[in-house]
>>> print(open('input-v6.cif').read())   # mmCIF, C-alpha atoms
data_start
loop_
_atom_site.label_atom_id
_atom_site.label_comp_id
_atom_site.auth_asym_id
_atom_site.auth_seq_id
_atom_site.Cartn_x
_atom_site.Cartn_y
_atom_site.Cartn_z
CA MET A 7 -6.65 -135.41 69.30
CA ASN A 8 -6.44 -139.21 69.06
CA GLU A 9 -3.37 -139.12 71.31
CA TYR A 10 -5.34 -137.09 73.84
CA ASP A 11 -8.31 -139.46 73.55
CA SER A 12 -6.07 -142.50 73.98
CA ASN A 13 -4.53 -141.07 77.15
CA ARG A 14 -7.98 -140.31 78.56
CA ILE A 15 -9.23 -143.80 77.69
CA TYR A 16 -6.36 -145.17 79.79
CA ASP A 17 -7.30 -142.84 82.65
CA LEU A 18 -10.81 -144.32 82.46
CA VAL A 19 -9.89 -148.02 82.40
CA LYS A 20 -7.58 -147.62 85.38
CA LYS A 21 -10.79 -147.19 87.39
CA ILE A 22 -11.61 -150.85 86.74
CA ASN A 23 -8.04 -151.97 87.49
CA TYR A 24 -6.73 -152.27 83.94
CA LYS A 25 -3.07 -151.39 83.41
CA LYS A 26 -0.92 -150.96 80.34
CA ALA A 27 0.83 -154.14 79.26
CA ASN A 28 4.61 -153.89 79.00
CA LYS A 29 4.59 -156.30 76.07
CA ILE A 30 1.87 -156.12 73.44
CA GLU A 31 1.51 -159.92 73.31
CA ASP A 32 0.76 -160.01 77.06
CA ALA A 33 -2.36 -157.82 76.86
CA ASP A 34 -5.78 -159.32 77.53
CA CYS A 35 -7.64 -156.28 76.20
CA TYR A 36 -6.82 -154.37 73.02
CA VAL A 37 -8.19 -150.91 72.25
CA LEU A 38 -7.67 -149.81 68.64
CA ASN A 39 -8.25 -146.04 68.63
CA THR A 40 -8.84 -145.06 65.02
CA CYS A 41 -8.91 -142.07 62.68
CA HIS A 42 -11.03 -141.94 59.52
CA ILE A 43 -9.51 -138.87 57.85
CA ARG A 44 -7.28 -140.77 55.41
CA GLU A 45 -8.07 -143.72 53.19
CA LYS A 46 -7.40 -147.34 54.16
CA ALA A 47 -8.18 -146.63 57.82
CA THR A 48 -10.72 -149.45 57.91
CA GLU A 49 -8.34 -151.85 56.21
CA LYS A 50 -5.77 -151.05 58.90
CA VAL A 51 -8.28 -152.07 61.58
CA TYR A 52 -8.81 -155.46 59.93
CA HIS A 53 -5.04 -155.86 59.56
CA ASP A 54 -4.41 -155.08 63.24
CA VAL A 55 -7.21 -157.40 64.36
CA GLY A 56 -5.70 -160.10 62.14
CA ARG A 57 -2.36 -159.73 63.93
CA ILE A 58 -4.07 -160.09 67.30
CA LYS A 59 -5.91 -163.23 66.12
CA LYS A 60 -2.63 -164.72 64.92
CA ASN A 61 -0.90 -164.03 68.26
CA PHE A 62 -3.77 -165.62 70.21
CA ARG A 63 -4.42 -168.58 67.93
CA ASN A 64 -3.75 -171.07 70.70
CA LYS A 65 -4.61 -168.86 73.65
CA LYS A 66 -7.68 -167.46 75.34
CA LYS A 67 -9.23 -164.75 73.17
CA PRO A 68 -8.52 -161.21 74.43
CA ILE A 69 -11.09 -158.42 74.50
CA VAL A 70 -10.90 -156.37 71.29
CA ILE A 71 -12.48 -152.93 71.18
CA VAL A 72 -12.41 -150.48 68.26
CA THR A 73 -12.82 -146.85 69.26
CA GLY A 74 -12.64 -143.55 67.39
CA CYS A 75 -13.90 -142.31 64.06
CA VAL A 76 -13.75 -145.60 62.13
CA ALA A 77 -15.92 -147.12 64.86
CA GLN A 78 -18.35 -144.21 64.49
CA ALA A 79 -18.49 -144.35 60.69
CA GLU A 80 -18.47 -148.11 60.13
CA GLY A 81 -19.20 -149.69 63.52
CA ALA A 82 -22.04 -151.98 62.45
CA ILE A 83 -20.03 -153.19 59.43
CA LEU A 84 -17.00 -153.92 61.62
CA LEU A 85 -19.06 -155.96 64.09
CA ASN A 86 -20.74 -157.96 61.34
CA LYS A 87 -17.65 -158.57 59.23
CA GLU A 88 -15.08 -159.28 61.98
CA LYS A 89 -16.47 -161.54 64.72
CA TYR A 90 -13.26 -161.11 66.75
CA ILE A 91 -14.24 -157.51 67.57
CA ASP A 92 -16.25 -157.31 70.79
CA ALA A 93 -17.29 -153.66 70.79
CA VAL A 94 -17.22 -150.45 68.79
CA ILE A 95 -17.18 -147.11 70.60
CA GLY A 96 -17.40 -143.76 68.82
CA PRO A 97 -15.26 -140.75 69.78
CA GLN A 98 -18.13 -139.09 71.65
CA SER A 99 -18.92 -142.21 73.67
CA TYR A 100 -15.59 -143.52 74.89
CA HIS A 101 -16.55 -142.65 78.47
CA GLU A 102 -18.65 -145.86 78.15
CA ILE A 103 -15.56 -148.05 77.73
CA ASN A 104 -15.62 -149.38 81.29
CA ASN A 105 -19.26 -150.41 80.93
CA ALA A 106 -18.37 -152.10 77.64
CA ILE A 107 -15.47 -154.05 79.16
CA ILE A 108 -17.56 -155.21 82.14
CA LYS A 109 -20.35 -156.39 79.81
CA ILE A 110 -17.85 -158.24 77.59
CA GLU A 111 -16.34 -159.93 80.64
CA LYS A 112 -19.86 -161.14 81.45
CA LYS A 113 -20.19 -162.58 77.94
CA THR A 114 -22.74 -160.00 76.84
CA LYS A 115 -23.55 -159.72 73.14
CA LYS A 116 -21.65 -157.41 70.80
CA ILE A 117 -21.65 -153.80 71.98
CA ASP A 118 -22.19 -150.68 69.87
CA TYR A 119 -21.70 -147.30 71.55
CA THR A 120 -21.82 -144.80 68.70
CA ASP A 121 -24.24 -142.17 69.93
CA PHE A 122 -23.19 -138.52 70.09
CA GLU A 123 -23.01 -138.03 73.85
CA VAL A 124 -20.36 -135.31 73.97
CA ASN A 125 -21.75 -133.62 77.11
CA GLU A 126 -21.81 -136.91 79.01
CA LYS A 127 -18.29 -137.73 77.85
CA PHE A 128 -16.69 -134.58 79.21
CA ASP A 129 -18.82 -134.64 82.37
CA THR A 130 -17.31 -138.07 83.04
CA LEU A 131 -13.75 -137.06 82.11
CA ASN A 132 -13.88 -133.98 84.33
CA GLN A 133 -14.24 -136.31 87.31
CA ILE A 134 -11.11 -138.27 86.41
CA ARG A 135 -7.67 -136.68 86.71
CA ASN A 136 -5.66 -136.41 83.50
CA SER A 137 -2.57 -138.43 84.45
CA ASN A 138 -0.45 -137.35 81.49
CA SER A 139 2.94 -136.10 82.70
CA LYS A 140 4.66 -135.20 79.44
CA VAL A 141 6.52 -131.91 79.16
CA SER A 142 4.33 -131.06 76.17
CA SER A 143 0.68 -132.08 76.56
CA PHE A 144 -2.61 -131.86 74.67
CA ILE A 145 -6.05 -130.72 75.81
CA THR A 146 -9.16 -131.05 73.68
CA ILE A 147 -11.10 -127.80 74.02
CA GLN A 148 -13.50 -128.16 71.10
CA GLU A 149 -14.85 -131.04 69.05
CA GLY A 150 -16.94 -131.47 65.95
CA CYS A 151 -17.47 -129.35 62.87
CA ASP A 152 -20.31 -127.37 61.31
CA LYS A 153 -18.45 -126.48 58.10
CA PHE A 154 -19.28 -129.56 56.01
CA CYS A 155 -16.39 -129.37 53.55
CA LYS A 156 -17.36 -131.84 50.84
CA PHE A 157 -14.27 -134.01 51.28
CA CYS A 158 -14.36 -134.28 55.07
CA VAL A 159 -15.87 -137.00 57.24
CA VAL A 160 -15.48 -135.16 60.58
CA PRO A 161 -19.05 -133.75 60.83
CA TYR A 162 -20.36 -137.31 60.44
CA THR A 163 -17.97 -138.92 62.96
CA ARG A 164 -17.45 -136.17 65.55
CA GLY A 165 -20.79 -134.38 65.24
CA ALA A 166 -21.62 -130.69 65.61
CA GLU A 167 -19.25 -128.15 67.11
CA PHE A 168 -19.06 -128.35 70.89
CA SER A 169 -16.89 -126.29 73.25
CA ARG A 170 -15.90 -127.09 76.82
CA SER A 171 -16.06 -124.44 79.55
CA ILE A 172 -13.06 -122.24 80.30
CA GLU A 173 -13.30 -123.24 83.94
CA GLU A 174 -12.98 -126.99 83.34
CA LEU A 175 -10.21 -126.44 80.78
CA SER A 176 -8.29 -124.19 83.14
CA ASP A 177 -8.62 -126.81 85.89
CA GLU A 178 -7.39 -129.61 83.61
CA CYS A 179 -4.52 -127.47 82.42
CA LYS A 180 -3.44 -126.65 85.99
CA LYS A 181 -3.40 -130.36 86.80
CA LEU A 182 -1.23 -131.11 83.76
CA VAL A 183 1.18 -128.35 84.79
CA ASP A 184 1.26 -129.81 88.30
CA ASN A 185 2.15 -133.14 86.63
CA GLY A 186 5.13 -131.47 84.93
CA SER A 187 3.79 -130.07 81.66
CA LYS A 188 5.42 -126.85 80.46
CA GLU A 189 3.59 -126.58 77.14
CA ILE A 190 -0.08 -127.11 76.29
CA THR A 191 -1.49 -127.53 72.81
CA LEU A 192 -5.21 -126.74 72.60
CA LEU A 193 -7.00 -129.10 70.25
CA GLY A 194 -10.12 -128.90 68.15
CA GLN A 195 -11.36 -129.91 64.73
CA ASN A 196 -12.03 -126.17 64.38
CA VAL A 197 -10.15 -124.93 67.41
CA ASN A 198 -10.62 -121.23 66.66
CA ALA A 199 -14.38 -121.77 66.46
CA TYR A 200 -14.20 -122.29 70.23
CA ASN A 201 -17.12 -120.49 71.86
CA TYR A 202 -18.43 -121.16 75.34
CA ASN A 203 -21.03 -118.68 76.59
CA ASN A 204 -19.62 -116.08 74.17
CA ARG A 205 -16.08 -116.55 75.48
CA ARG A 206 -13.73 -117.31 72.64
CA LEU A 207 -10.32 -118.90 72.12
CA SER A 208 -8.55 -115.63 72.92
CA ASP A 209 -10.29 -115.53 76.33
CA LEU A 210 -9.12 -119.07 77.05
CA ILE A 211 -5.55 -118.22 76.02
CA TYR A 212 -5.48 -115.21 78.37
CA GLN A 213 -6.88 -117.35 81.20
CA LEU A 214 -4.32 -120.12 80.73
CA SER A 215 -1.51 -117.57 80.41
CA LYS A 216 -2.03 -116.79 84.10
CA ILE A 217 -0.78 -120.26 85.08
CA GLU A 218 2.72 -119.50 86.33
CA ASN A 219 4.59 -122.66 85.34
CA LEU A 220 2.91 -122.97 81.96
CA LYS A 221 5.53 -121.60 79.59
CA ARG A 222 4.09 -122.18 76.11
CA ILE A 223 0.63 -122.31 74.52
CA ARG A 224 -0.21 -123.61 71.05
CA TYR A 225 -3.45 -124.48 69.28
CA THR A 226 -4.52 -126.53 66.28
CA THR A 227 -6.35 -126.86 63.87
CA SER A 228 -7.70 -123.50 62.74
CA HIS A 229 -10.18 -122.58 60.02
CA PRO A 230 -9.58 -119.33 58.09
CA ILE A 231 -13.17 -118.09 58.48
CA ASP A 232 -12.97 -118.32 62.28
CA PHE A 233 -9.85 -116.17 62.62
CA THR A 234 -11.43 -113.28 64.48
CA THR A 235 -9.76 -109.97 65.36
CA ASP A 236 -9.55 -110.84 69.06
CA LEU A 237 -7.57 -114.01 68.28
CA ILE A 238 -5.24 -112.09 65.97
CA ASP A 239 -4.70 -109.56 68.79
CA ALA A 240 -3.81 -112.41 71.18
CA HIS A 241 -0.72 -113.11 69.08
CA HIS A 242 0.50 -109.66 70.06
CA LYS A 243 -0.69 -109.56 73.67
CA SER A 244 0.16 -113.05 74.95
CA SER A 245 3.88 -113.75 75.37
CA LYS A 246 3.16 -117.43 76.04
CA LEU A 247 1.36 -117.97 72.72
CA MET A 248 3.81 -119.39 70.20
CA PRO A 249 4.26 -117.54 66.85
CA PHE A 250 3.46 -120.60 64.74
CA ILE A 251 0.03 -121.24 63.27
CA HIS A 252 -1.30 -124.27 61.44
CA LEU A 253 -3.87 -122.79 59.04
CA PRO A 254 -5.20 -125.31 56.50
CA VAL A 255 -6.05 -123.89 53.10
CA GLN A 256 -6.40 -127.15 51.04
CA SER A 257 -6.03 -125.44 47.63
CA GLY A 258 -4.78 -122.23 46.07
CA SER A 259 -7.62 -122.13 43.55
CA ASN A 260 -10.82 -120.21 44.30
CA LYS A 261 -12.71 -122.53 41.98
CA ILE A 262 -11.58 -125.62 43.87
CA LEU A 263 -12.20 -123.97 47.26
CA LYS A 264 -15.77 -123.27 46.17
CA ASP A 265 -16.17 -126.87 44.97
CA MET A 266 -14.86 -128.03 48.35
CA ASN A 267 -17.36 -125.80 50.19
CA ARG A 268 -14.51 -124.26 52.16
CA LYS A 269 -16.45 -121.00 52.67
CA HIS A 270 -13.40 -118.79 52.07
CA ASN A 271 -11.40 -117.68 49.05
CA ILE A 272 -7.68 -117.13 48.61
CA GLU A 273 -7.95 -113.37 49.00
CA GLU A 274 -9.59 -113.81 52.41
CA TYR A 275 -7.01 -116.39 53.42
CA LEU A 276 -4.15 -114.09 52.49
CA GLU A 277 -5.81 -111.23 54.37
CA VAL A 278 -5.74 -113.32 57.56
CA VAL A 279 -2.07 -114.17 56.95
CA SER A 280 -1.27 -110.50 56.35
CA LYS A 281 -3.04 -109.31 59.51
CA LEU A 282 -1.23 -111.88 61.64
CA LYS A 283 2.18 -110.99 60.20
CA LYS A 284 1.44 -107.30 60.67
CA ILE A 285 0.58 -107.72 64.34
CA ASN A 286 3.49 -110.08 64.99
CA SER A 287 6.31 -110.20 62.44
CA LYS A 288 7.68 -113.42 63.98
CA ILE A 289 4.63 -115.48 62.97
CA LYS A 290 5.07 -118.32 60.49
CA PHE A 291 2.61 -120.80 59.04
CA SER A 292 2.06 -124.43 58.16
CA SER A 293 -0.89 -125.78 56.17
CA ASP A 294 -2.75 -128.75 54.70
CA PHE A 295 -3.18 -129.29 50.96
CA ILE A 296 -5.32 -131.72 48.98
CA ILE A 297 -3.76 -132.39 45.60
CA GLY A 298 -5.82 -133.73 42.71
CA TYR A 299 -9.26 -132.80 44.06
CA PRO A 300 -12.03 -133.71 41.56
CA GLY A 301 -12.11 -131.12 38.80
CA GLU A 302 -8.63 -129.75 39.53
CA THR A 303 -7.05 -128.45 36.31
CA LYS A 304 -3.43 -127.63 35.60
CA GLU A 305 -4.30 -123.96 36.15
CA ASP A 306 -5.88 -124.75 39.53
CA PHE A 307 -2.77 -126.66 40.57
CA ASN A 308 -0.53 -123.80 39.44
CA GLU A 309 -2.55 -121.48 41.68
CA THR A 310 -1.77 -123.80 44.59
CA LEU A 311 1.95 -123.67 43.78
CA LYS A 312 1.71 -119.87 43.59
CA LEU A 313 0.15 -119.70 47.07
CA LEU A 314 2.77 -122.09 48.45
CA LYS A 315 5.56 -119.78 47.27
CA GLU A 316 3.82 -116.57 48.33
CA VAL A 317 3.17 -117.56 51.96
CA GLU A 318 6.39 -119.61 52.28
CA PHE A 319 4.89 -122.21 54.60
CA ILE A 320 7.60 -123.64 56.84
CA ASN A 321 5.78 -126.97 56.96
CA THR A 322 3.07 -128.57 54.83
CA TYR A 323 0.97 -131.72 54.91
CA SER A 324 -0.06 -132.71 51.40
CA PHE A 325 -2.07 -135.69 50.19
CA ILE A 326 -3.69 -136.87 47.01
CA PHE A 327 -7.48 -136.63 47.29
CA SER A 328 -8.95 -139.82 48.74
CA PRO A 329 -12.75 -140.12 48.82
CA ARG A 330 -14.21 -140.77 52.25
CA PRO A 331 -17.39 -142.88 52.24
CA GLY A 332 -20.50 -140.86 52.96
CA THR A 333 -19.06 -137.48 51.98
CA PRO A 334 -20.36 -135.50 48.95
CA ALA A 335 -16.94 -135.59 47.28
CA ALA A 336 -16.94 -139.40 47.32
CA SER A 337 -19.29 -139.46 44.32
CA MET A 338 -17.36 -136.86 42.30
CA LYS A 339 -15.28 -137.93 39.32
CA LYS A 340 -11.62 -138.27 40.24
CA ILE A 341 -8.80 -137.02 38.05
CA SER A 342 -6.35 -139.68 36.89
CA ASP A 343 -4.06 -141.18 39.52
CA GLY A 344 -1.05 -140.54 37.29
CA ILE A 345 -1.70 -136.82 37.03
CA ALA A 346 -2.47 -136.55 40.76
CA LYS A 347 0.79 -138.32 41.72
CA GLU A 348 2.78 -136.16 39.30
CA ARG A 349 1.33 -133.00 40.84
CA LEU A 350 1.93 -134.24 44.39
CA ILE A 351 5.60 -134.92 43.61
CA MET A 352 5.94 -131.43 42.11
CA PHE A 353 4.17 -129.81 45.07
CA GLN A 354 6.24 -131.63 47.68
CA LYS A 355 9.49 -130.85 45.84
CA THR A 356 8.67 -127.13 45.93
CA ALA A 357 7.44 -127.31 49.54
CA ASN A 358 10.62 -129.06 50.66
CA GLU A 359 12.80 -126.49 48.89
CA ILE A 360 10.99 -123.68 50.73
CA LYS A 361 11.24 -125.55 54.02
CA MET A 362 14.95 -126.29 53.61
CA ASN A 363 15.75 -122.70 52.61
CA TYR A 364 13.97 -121.53 55.78
CA ARG A 365 15.87 -124.03 57.93
CA LYS A 366 19.26 -123.03 56.48
CA LYS A 367 18.57 -119.47 57.62
CA LEU A 368 18.41 -120.84 61.17
CA PHE A 369 21.96 -122.19 61.02
CA ASP A 370 24.35 -120.28 63.33
CA LYS A 371 21.34 -118.53 64.88
CA LYS A 372 19.98 -118.83 68.42
CA SER A 373 16.71 -120.60 69.21
CA LEU A 374 14.79 -121.10 72.43
CA VAL A 375 14.12 -124.83 72.77
CA LEU A 376 11.80 -126.57 75.22
CA PHE A 377 13.38 -129.98 75.81
CA GLU A 378 10.91 -132.84 76.20
CA ASN A 379 13.06 -135.90 76.82
CA ARG A 380 16.41 -137.62 76.64
CA GLU A 381 16.93 -140.18 73.90
CA VAL A 382 17.28 -143.67 75.37
CA ASN A 383 20.79 -144.57 76.56
CA THR A 384 22.40 -141.44 75.08
CA ASN A 385 23.36 -137.93 76.12
CA LYS A 386 21.14 -136.50 73.37
CA PHE A 387 18.08 -134.44 74.24
CA PHE A 388 15.03 -133.82 72.08
CA GLY A 389 13.05 -130.60 72.12
CA ARG A 390 11.13 -128.10 69.98
CA ASP A 391 11.73 -124.46 69.24
CA GLU A 392 9.02 -121.80 69.10
CA TYR A 393 8.03 -122.96 65.61
CA SER A 394 7.71 -126.60 66.66
CA ASN A 395 10.89 -127.55 64.80
CA SER A 396 12.48 -130.69 66.25
CA VAL A 397 15.88 -129.96 67.79
CA ILE A 398 18.49 -132.39 69.12
CA VAL A 399 21.53 -131.43 71.19
CA LYS A 400 24.14 -133.33 73.17
CA SER A 401 24.52 -132.42 76.81
CA ASP A 402 25.97 -133.89 80.00
CA LYS A 403 23.43 -131.82 81.90
CA ASN A 404 19.81 -132.93 82.15
CA LEU A 405 17.87 -130.53 79.89
CA THR A 406 14.45 -132.18 80.21
CA ALA A 407 11.64 -129.71 80.98
CA THR A 408 13.90 -126.68 80.51
CA ILE A 409 13.71 -123.88 77.97
CA THR A 410 17.30 -123.49 76.85
CA GLU A 411 19.04 -121.21 74.37
CA VAL A 412 20.52 -123.28 71.57
CA LYS A 413 22.78 -122.39 68.66
CA ILE A 414 21.61 -124.29 65.57
CA LEU A 415 24.56 -125.88 63.77
CA SER A 416 22.95 -127.96 61.03
CA GLY A 417 19.77 -129.71 60.04
CA ASN A 418 17.66 -131.52 57.49
CA LEU A 419 13.96 -131.52 56.57
CA ASN A 420 13.03 -133.31 59.78
CA THR A 421 15.46 -132.28 62.49
CA LEU A 422 17.73 -129.43 63.55
CA PHE A 423 20.97 -130.11 65.43
CA GLY A 424 22.61 -127.67 67.80
CA GLU A 425 24.55 -126.96 70.95
CA THR A 426 23.53 -125.26 74.15
CA ILE A 427 24.77 -121.74 74.76
CA PRO A 428 26.37 -121.42 78.21
CA ARG A 429 24.84 -118.82 80.46
CA ILE A 430 27.28 -116.18 81.64
CA ALA A 431 26.93 -115.35 85.31
CA LYS A 432 26.98 -111.66 86.27
CA ASN A 433 30.25 -111.98 88.19
CA ASP A 434 31.92 -113.37 85.05
CA PHE A 435 31.90 -109.91 83.47
CA ALA A 436 34.95 -107.72 83.83
CA ALA A 437 34.56 -104.72 86.13
#
>>> encode(input="input-v6.cif", output="C-alpha cells")
Amino acid sequence: MNEYDSNRIYDLVKKINYKKANKIEDADCYVLNTCHIREKATEKVYHDVGRIKKNFRNKKKPIVIVTGCVAQAEGAILLNKEKYIDAVIGPQSYHEINNAIIKIEKKTKKIDYTDFEVNEKFDTLNQIRNSNSKVSSFITIQEGCDKFCKFCVVPYTRGAEFSRSIEELSDECKKLVDNGSKEITLLGQNVNAYNYNNRRLSDLIYQLSKIENLKRIRYTTSHPIDFTTDLIDAHHKSSKLMPFIHLPVQSGSNKILKDMNRKHNIEEYLEVVSKLKKINSKIKFSSDFIIGYPGETKEDFNETLKLLKEVEFINTYSFIFSPRPGTPAASMKKISDGIAKERLIMFQKTANEIKMNYRKKLFDKKSLVLFENREVNTNKFFGRDEYSNSVIVKSDKNLTATITEVKILSGNLNTLFGETIPRIAKNDFAA
C-alpha cells in the first residue's frame, strides 16, 4: 500500500511541476513515506533526515516532508524534535501535499496535515490519472480497520474501514491496463472486508475480470473472519483470480488469539482453509506470525508450529512481538528476548524447510510465469508464477509483459530458475 501511495503522491506533485530527481543528492524536495507497523520506524525517519542534513550541510536546505503512518502517529513529536522537517502528512491526507509544498515555498510555518479525510483524498485522486505503467500494479480498494487487534497500530493511523466504489476502481484499473499492466493486486488493510453499497470483494473481482487485457487478479491482506462464502466461490468461478491467498493468522494458539483480540480461533481459521481448498484444490497459502507475544508459553508456541506444519504455508512472514506505542499490547509484559529469539529461529527453520520442500516439487514441472522486466544489461527476465514465486529465465526474446510457460530447473528459498518451453506450431506436427 505504501508503494501505491508513493506512486500516487508523485502523480499529485507533477501537477505543480515537480519531477523525480535522477540522483538523490540533486533533489530539492524529499518525501519520506513511512510505515509504522514494525518497530524502529520513527528512528529510521530521524536517520534518513540526518543523511539529508549531512548532504545539504553547505547548500540551500531542501523541503523535507514526512508522510504515512509515522507522520499520523507521531507527527507533532517529529515537528518539535526535528526542526529540519517542514511538514507531516498522514496517509488519509496526502492529497494535501501540493498545498503543503506551496506553503513551505512561501516560508509558511510548520505544517501538520493529519486529519482523517479519506473521502477527500480519493475524490482528489480520482481526478488525477494513475501514471503507473508496471506490468504488475497495485490499487488500493479499502483502507482502515475496525478490528482493533491489541498489537496493531493501523486503526489509529489509517482510521475506520473505508471502501472505494466499484465504478472508480474499475475506471482506475482500466487506465492501468491501458498503461500496460497485465496484473492487478487489490490492496486493503482488511481487503476482504471491502463493502461498497453492499457490493463485496467478489463483485469487484467479477467486474474487473471483464477487462480483456487484464490477465491476473490478486488481493491482500485478508482477515479470516471476513472470508465470506461469495469470496470463496470466486476462487472457483474467476479464472483470472490467482490461487494464492495471504491469510494472516498471527498465532496457532487459541489463548493467544483471544489475548490478541483477533476475533477468530484456530478451528475457524482451518475451516476457511478447508473450504478454499475444497472449492479449488490448486489454492495455497501464506501467512503472518507474531512470535513471543506477551503471555506466550512453550505450549502456545508448539501450537503455532503445529499449525505451520498442518497448513504447509508456502511463504511466511514472522517477527518477534514489538510493542507499538498507543496500542493495548504495548503495556503488556513481554516474554524474555532470549526465549523469543530462540522460538523465532525454530519457527523460521521449520517454515523454510516446508517452503523448500514445496519448491523442490516444482523442479522439472511447468509453470505459467508473467514476466515483469528484464534485468539490467543481461538477457535474464524476471517474473512471477501463479503463486507469486519469483522466477528468472534467460532468453534472447523479449518476454516482458508476456505469460509464458516455463520449466523450472532449480531454485532456492527466494528465487526459482527455469527455461522457456518452445511453443509447437500446428504445422510442426506429423500428418
>>> closest_residue(input="input-v6.cif", among="A:Ser137, A:Asn404, A:Asn104, A:Gln78", to="A:Arg14", atoms="all atoms listed in the file")
A:Ser137
>>> atom_distance(input="input-v6.cif", atom1="atom CA of A:Val76", atom2="atom CA of A:Ala27")
24.1 Å
>>> resolve_selection(input="input-v6.cif", expression="the PyMOL selection byres ((chain A and resi 171-183) around 10)", output="number ranges by chain")
A: 128-129, 131-132, 134-148, 168-170, 184-190, 192, 200-203, 205-207, 209-211, 213-221
>>> resolve_selection(input="input-v6.cif", expression="the PyMOL selection byres ((chain A and resi 152) around 6)", output="MDAnalysis selection string")
chainID A and resid 151 153:154 166:167
>>> write_last_selection(input="input-v6.cif", atoms="C-alpha atoms", output="tab-separated table (two decimals), in the coordinates of the input")
chain	number	residue	atom	x	y	z
A	151	CYS	CA	-17.47	-129.35	62.87
A	153	LYS	CA	-18.45	-126.48	58.10
A	154	PHE	CA	-19.28	-129.56	56.01
A	166	ALA	CA	-21.62	-130.69	65.61
A	167	GLU	CA	-19.25	-128.15	67.11
>>> closest_residue(input="input-v6.cif", among="A:Phe369, A:Phe62, A:Tyr299, A:Phe388", to="A:Phe157", atoms="only C-alpha atoms")
A:Tyr299
>>> resolve_selection(input="input-v6.cif", expression="the PyMOL selection byres ((chain A and resi 296) around 7)", output="PDB file with C-alpha atoms, keeping the file's coordinate frame")
ATOM      1  CA  GLN A 256      -6.400-127.150  51.040  1.00  0.00           C
ATOM      2  CA  SER A 257      -6.030-125.440  47.630  1.00  0.00           C
ATOM      3  CA  ASP A 294      -2.750-128.750  54.700  1.00  0.00           C
ATOM      4  CA  PHE A 295      -3.180-129.290  50.960  1.00  0.00           C
ATOM      5  CA  ILE A 297      -3.760-132.390  45.600  1.00  0.00           C
ATOM      6  CA  GLY A 298      -5.820-133.730  42.710  1.00  0.00           C
ATOM      7  CA  TYR A 299      -9.260-132.800  44.060  1.00  0.00           C
ATOM      8  CA  SER A 324      -0.060-132.710  51.400  1.00  0.00           C
ATOM      9  CA  PHE A 325      -2.070-135.690  50.190  1.00  0.00           C
ATOM     10  CA  ILE A 326      -3.690-136.870  47.010  1.00  0.00           C
ATOM     11  CA  PHE A 327      -7.480-136.630  47.290  1.00  0.00           C
TER      12      PHE A 327
END
>>> closest_residue(input="input-v6.cif", among="A:Gly258, A:Thr408, A:Lys367, A:Asn286", to="A:Leu313", atoms="all atoms listed in the file")
A:Gly258
>>> axis_aligned_box(input="input-v6.cif", around="stretch 298-304 of chain A", padding_each_side="5 Å", output="lines of an AutoDock Vina configuration file")
center_x = -7.8
center_y = -130.7
center_z = 39.8
size_x = 18.7
size_y = 16.1
size_z = 18.5
>>> residues_around(input="input-v6.cif", residues="stretch 280-282 of chain A", least_positions_apart="4", cutoff="9 Å", atoms="only C-alpha atoms", output="list in words")
Thr235, Ile238, Asp239, His241, His242, Tyr275, Leu276, Asn286, Ser287 and Ile289 of chain A
>>> closest_residue(input="input-v6.cif", among="A:Ile409, A:Leu263, A:Val397, A:Leu311", to="A:Phe353", atoms="only C-alpha atoms")
A:Leu311
>>> residues_around(input="input-v6.cif", residues="A:Phe377", least_positions_apart="2", cutoff="9 Å", atoms="only C-alpha atoms", output="ChimeraX atom specification")
/A:141,375,379-380,387-391,397-398,405-410
>>> write_last_selection(input="input-v6.cif", atoms="C-alpha atoms", output="mmCIF file, in the frame of the given file")
data_model
loop_
_atom_site.group_PDB
_atom_site.id
_atom_site.type_symbol
_atom_site.label_atom_id
_atom_site.label_comp_id
_atom_site.auth_asym_id
_atom_site.auth_seq_id
_atom_site.Cartn_x
_atom_site.Cartn_y
_atom_site.Cartn_z
ATOM 1 C CA VAL A 141 6.520 -131.910 79.160
ATOM 2 C CA VAL A 375 14.120 -124.830 72.770
ATOM 3 C CA ASN A 379 13.060 -135.900 76.820
ATOM 4 C CA ARG A 380 16.410 -137.620 76.640
ATOM 5 C CA PHE A 387 18.080 -134.440 74.240
ATOM 6 C CA PHE A 388 15.030 -133.820 72.080
ATOM 7 C CA GLY A 389 13.050 -130.600 72.120
ATOM 8 C CA ARG A 390 11.130 -128.100 69.980
ATOM 9 C CA ASP A 391 11.730 -124.460 69.240
ATOM 10 C CA VAL A 397 15.880 -129.960 67.790
ATOM 11 C CA ILE A 398 18.490 -132.390 69.120
ATOM 12 C CA LEU A 405 17.870 -130.530 79.890
ATOM 13 C CA THR A 406 14.450 -132.180 80.210
ATOM 14 C CA ALA A 407 11.640 -129.710 80.980
ATOM 15 C CA THR A 408 13.900 -126.680 80.510
ATOM 16 C CA ILE A 409 13.710 -123.880 77.970
ATOM 17 C CA THR A 410 17.300 -123.490 76.850
#
>>> atom_distance(input="input-v6.cif", atom1="atom CA of A:Glu316", atom2="atom CA of A:Thr356")
11.9 Å
>>> residues_around(input="input-v6.cif", residues="A:Lys87", least_positions_apart="3", cutoff="12 Å", atoms="only C-alpha atoms", output="PDB file with C-alpha atoms, keeping the file's coordinate frame")
ATOM      1  CA  THR A  48     -10.720-149.450  57.910  1.00  0.00           C
ATOM      2  CA  GLU A  49      -8.340-151.850  56.210  1.00  0.00           C
ATOM      3  CA  VAL A  51      -8.280-152.070  61.580  1.00  0.00           C
ATOM      4  CA  TYR A  52      -8.810-155.460  59.930  1.00  0.00           C
ATOM      5  CA  VAL A  55      -7.210-157.400  64.360  1.00  0.00           C
ATOM      6  CA  GLU A  80     -18.470-148.110  60.130  1.00  0.00           C
ATOM      7  CA  GLY A  81     -19.200-149.690  63.520  1.00  0.00           C
ATOM      8  CA  ALA A  82     -22.040-151.980  62.450  1.00  0.00           C
ATOM      9  CA  ILE A  83     -20.030-153.190  59.430  1.00  0.00           C
ATOM     10  CA  LEU A  84     -17.000-153.920  61.620  1.00  0.00           C
ATOM     11  CA  TYR A  90     -13.260-161.110  66.750  1.00  0.00           C
ATOM     12  CA  ILE A  91     -14.240-157.510  67.570  1.00  0.00           C
ATOM     13  CA  ASP A  92     -16.250-157.310  70.790  1.00  0.00           C
TER      14      ASP A  92
END
